[in-house]
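Notes to accompany the following structure.
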Amino acid sequence: MARPLRRRASLSFLSGLKTLIFCVTLLLSLMCSAGAVREGIAEEELFLDILRDEAVDRIYQLGKVSDADNYLERTFLSPASMRAVNLIQKWMEDAGLKTWVDFMGNVHGRVGGVNATAEALLIGSHMDTVIDAGMYDGSLGIICAISALKVLKVSGKLGKLSRPVEVIAFSDEEGVRFQTTFLGSAAVAGILPATALKITDKSGISVQDALLENSFEATEESFAKVKYDPDSVFGYVEVHIEQGPVLESLAYPLGVVKGIAGQTRLKVTVEGSQGHAGTVPMFMRRDPMVAASDLIVLLESLCKHPQNFLSYDEQYEGIPTESFASLVCTVGEISCWPSASNVIPGQANFYGLLKKSKFN
C-alpha cells in the first residue's frame, strides 16, 4: 500500500489524472524490472500527451461505446462490444502492435522485441461491462497498457524489448449476458470447458450461436486454439480500479492486490400458489415473493454474522472469525410470475452472488 496522505484524498479529476499517469508509469517500470526493456525512460520524458491527455480521452471514448442510450452497458459479443473490439484494435495498431482477435472475441496486441520466442509479459483487462457501469472498470487496464507501449514506440524503445509484451482486452469477465464469468480469460487460461459453448442467455441464444453471429468459428477445435501454453507466459499484470470505498476512506490513492475473490452464483426459484390479490385471505396464501424476501434477508444475515450460523462438535475447535472478514453476498436481481400488481405470484426467482477473498 502507498503511504497515507496527511489529509483526506479526494477523487477529483486532477487527482484521478495523477493516479492514471502513475499507473501507466508503473507498467513501464514493471516492463523494465521484468527485463522487458534494456534502457529505462528518463524522468524528464513524461510524455504527458500520451500518458495523460490521450489516455483520458480514450477512456471517455470507450465509455461512450454502449448498447444503451443513457448508461454504459457492453456485454459479451453485443453490438457495442464488437464496436469496442474495432476501436481497441485500432489503438493497439497505433502503438505499434501486431493485432488479432481470437475465437472467443479477445483482442490481442503484441510486440515481439529482440527475442520473439521468449516468454511473454501479458498486460490487460476486460472490455465488457456490467449494466450501468463505470467507464474505468476494465477500460483503465487496457488503455494504460496500450499507452505504456505507445510511449516505448514514440521513444524508439519498442523494438528493444528483450521479451515479447502482449496486451489482451478480454471479451468477458463480468458474466452478465450468460451468467458465467471469465469466458474470455478462462479460454486463454485453458480452464473453460468446451461445454461452455452450449450455455444460453435469457433469450435462448447460446455462446456458440453468439460467436457464429459475429463471424467467429465456434467449434471445439477453434475453442482449444485460444488456450495459451503456460510455459510461453512470463507473467501477467493488470491495473484496475478498486470499485469500492475502502482506499478513499483510508486516503490511499493506490493499493496493491494481495488476494483474489472466489465467487459462487446462485439462481433460487421459490414456488408458491398463484391467486387473486383481493380475494385470497392472508392465512390461506402461499406467496413465493414473501418467502424469497425472507431468504434474501437470511442470506444477508449469514454473510454479516456467519459465526451465528455455525455449529461444531466437541472434537473441532471451530473456524477463526477473521477468516470470514472478506465474505460478502448480494442479491442484485429478483423477478416473479406473472408479475402483476393484482396477482399473488406463483413463482419468484432471485440471483445471489457470494464472494470470499483468499489472501497471500
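Within each chain, counting starts at residue 1; across the C-alpha cells, chains are named A, B, ... in the order shown, with ligands numbered 1 upward in that order.
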
Check your understanding: Near segment 337-350 of chain A, within 8 Å and counting only C-alpha atoms, which residues show up once chain neighbours fewer than 2 positions away are dropped, as a list in words?
Key -> Lys267, Val268, Thr269, Val270, Glu271, Gly272, Ser273, Gln274, Gly275, His276, Ala277, Gly278, Asp287, Pro288, Met289, Ala292, Val331, Gly332, Glu333, Ile334, Ser335 and Gly352 of chain A

Exercise for review: Just the helix (DSSP H, G or I) stuff from segment 15-211 of chain A, please, per backbone DSSP, written as a count of residues only.
Suggested key: 87

I'd like the contact shell of Lys225 of chain A - 9 Å cut-off, only C-alpha atoms, skipping same-chain residues fewer than 6 positions apart - returned as a PDB file with N, CA, C and O atoms, in the first residue's frame.
```pdb
ATOM      1  N   ASP A 102      -9.087 -13.366 -31.261  1.00  0.00           N
ATOM      2  CA  ASP A 102      -9.157 -14.825 -31.218  1.00  0.00           C
ATOM      3  C   ASP A 102     -10.608 -15.311 -31.309  1.00  0.00           C
ATOM      4  O   ASP A 102     -11.541 -14.517 -31.438  1.00  0.00           O
ATOM      5  N   PHE A 103     -10.797 -16.617 -31.234  1.00  0.00           N
ATOM      6  CA  PHE A 103     -12.115 -17.214 -31.467  1.00  0.00           C
ATOM      7  C   PHE A 103     -13.112 -16.958 -30.340  1.00  0.00           C
ATOM      8  O   PHE A 103     -14.285 -17.283 -30.479  1.00  0.00           O
ATOM      9  N   ALA A 187     -10.823 -18.963 -21.276  1.00  0.00           N
ATOM     10  CA  ALA A 187     -10.469 -19.649 -22.520  1.00  0.00           C
ATOM     11  C   ALA A 187      -8.973 -19.515 -22.785  1.00  0.00           C
ATOM     12  O   ALA A 187      -8.311 -20.475 -23.196  1.00  0.00           O
ATOM     13  N   VAL A 188      -8.422 -18.332 -22.539  1.00  0.00           N
ATOM     14  CA  VAL A 188      -6.981 -18.121 -22.720  1.00  0.00           C
ATOM     15  C   VAL A 188      -6.188 -18.971 -21.736  1.00  0.00           C
ATOM     16  O   VAL A 188      -5.154 -19.546 -22.080  1.00  0.00           O
TER      17      VAL A 188
END
```

Check your understanding: Given the choices A:Ser81, A:Gln307, A:Ser232, A:Gln263, which gets closest to Phe182 of chain A if the distance is worked out from only C-alpha atoms?
Key ->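 Checking each of A:Ser81, A:Gln307, A:Ser232, A:Gln263 against Phe182 of chain A, counting only C-alpha atoms, the winner is A:Gln263.
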
Would you mind listing what lies within 12 Å of Glu221 of chain A as a JSON list (two decimals) with C-alpha atoms, in the first residue's frame, with only C-alpha atoms counted and same-chain residues fewer than 4 positions away left out?
```
[["chain", "number", "residue", "atom", "x", "y", "z"],
["A", 103, "PHE", "CA", -12.11, -17.21, -31.47],
["A", 193, "PRO", "CA", -14.68, -26.42, -20.74],
["A", 194, "ALA", "CA", -15.98, -26.80, -24.28],
["A", 197, "LEU", "CA", -20.36, -23.17, -25.83],
["A", 217, "GLU", "CA", -15.58, -20.08, -35.76],
["A", 225, "LYS", "CA", -6.76, -22.83, -30.05],
["A", 226, "VAL", "CA", -7.47, -19.88, -27.75],
["A", 227, "LYS", "CA", -5.53, -21.54, -24.89]]
```

Check your understanding: Out of A:Arg58, A:Arg83, A:Arg110, A:Arg177, which residue has the shortest atom-to-atom distance to Ile131 of chain A when counting only C-alpha atoms?
Key ->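 Ranked by minimum distance to Ile131 of chain A, first place goes to A:Arg177.
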
Revision key, fill the gap. One residue among A:Ser147, A:Thr129, A:Gln89, A:Ser357 is nearest to Glu54 of chain A when using only C-alpha atoms, and that residue is A:Ser147

Exercise for review: Pick out the closest residue to Asp137 of chain A from this set: A:Glu119, A:Glu238, A:Asp69, A:Glu220. Count only C-alpha atoms.
Suggested key: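 Counting only C-alpha atoms, the residue closest to Asp137 of chain A is A:Glu238.
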
Exercise for review: Once DSSP has gone over the backbone, tell me which residues of segment 117-219 of chain A are in strand (DSSP E or B), as a PyMOL selection string.
Suggested key: chain A and resi 120-126+161+165-170+200+206

Exercise for review: Measuring atom to atom with only C-alpha atoms, identify which of A:Gly109, A:Gly96, A:Pro230, A:Pro306 is nearest to Ser323 of chain A.
Suggested key: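 Checking each candidate against Ser323 of chain A, we get A:Pro306 as the closest.
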
Review point. Out of A:Leu250, A:Ala120, A:Ile199, A:Ala186, which residue has the shortest atom-to-atom distance to Val237 of chain A when counting only C-alpha atoms?
Key: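 Of all the options, A:Ala120 lies closest to Val237 of chain A.
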
Per residue of segment 75-108 of chain A within 8 Å of segment 163-173 of chain A, note the shortest atom pair and the distance in Å to one decimal, counting only C-alpha atoms, and order the rows by chain and increasing residue number, as JSON lines.
```
{"residue": "A:Thr75", "atom": "CA", "partner": "A:Asp172", "partner_atom": "CA", "distance": 7.4}
{"residue": "A:Phe76", "atom": "CA", "partner": "A:Asp172", "partner_atom": "CA", "distance": 5.5}
{"residue": "A:Leu77", "atom": "CA", "partner": "A:Ser171", "partner_atom": "CA", "distance": 7.4}
{"residue": "A:Ser81", "atom": "CA", "partner": "A:Ser171", "partner_atom": "CA", "distance": 7.9}
{"residue": "A:Ile88", "atom": "CA", "partner": "A:Ala169", "partner_atom": "CA", "distance": 7.9}
{"residue": "A:Met104", "atom": "CA", "partner": "A:Ser171", "partner_atom": "CA", "distance": 7.0}
{"residue": "A:Gly105", "atom": "CA", "partner": "A:Ser171", "partner_atom": "CA", "distance": 5.4}
{"residue": "A:Asn106", "atom": "CA", "partner": "A:Phe170", "partner_atom": "CA", "distance": 4.7}
{"residue": "A:Val107", "atom": "CA", "partner": "A:Ala169", "partner_atom": "CA", "distance": 5.0}
{"residue": "A:His108", "atom": "CA", "partner": "A:Ile168", "partner_atom": "CA", "distance": 4.6}
```

Point to revise | For atom CA of Thr200 of chain A and atom CA of Cys336 of chain A, the interatomic separation in Å (one decimal) | key: 20.4 Å

**Study point:** Neighbour list for segment 113-118 of chain A as a VMD selection string, cut-off 10 Å, only C-alpha atoms, skip fewer than 4 positions in-chain
**Key:** chain A and resid 36 to 37 157 to 165 231 to 234

Review point. Atom CA of Trp91 of chain A and atom CA of Asp49 of chain A, how far apart in Å?
Key: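 If I compute the distance from atom CA of Asp49 of chain A to atom CA of Trp91 of chain A, I get 14.9 Å.
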
Check your understanding: Which neighbours of segment 60-68 of chain A fall inside 10 Å, counting only C-alpha atoms, when residues of the same chain fewer than 3 positions from it are skipped, and could you give them as a PyMOL selection string?
Key -> chain A and resi 54-57+71-75+78-84+87-88+127-129+131-137+139-140+143

Practice item. May I ask for the distance between atom CA of Ser203 of chain A and atom CA of Thr180 of chain A, given in Å to one decimal place? Key: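 Computing the Euclidean distance for atom CA of Ser203 of chain A and atom CA of Thr180 of chain A yields 15.1 Å.
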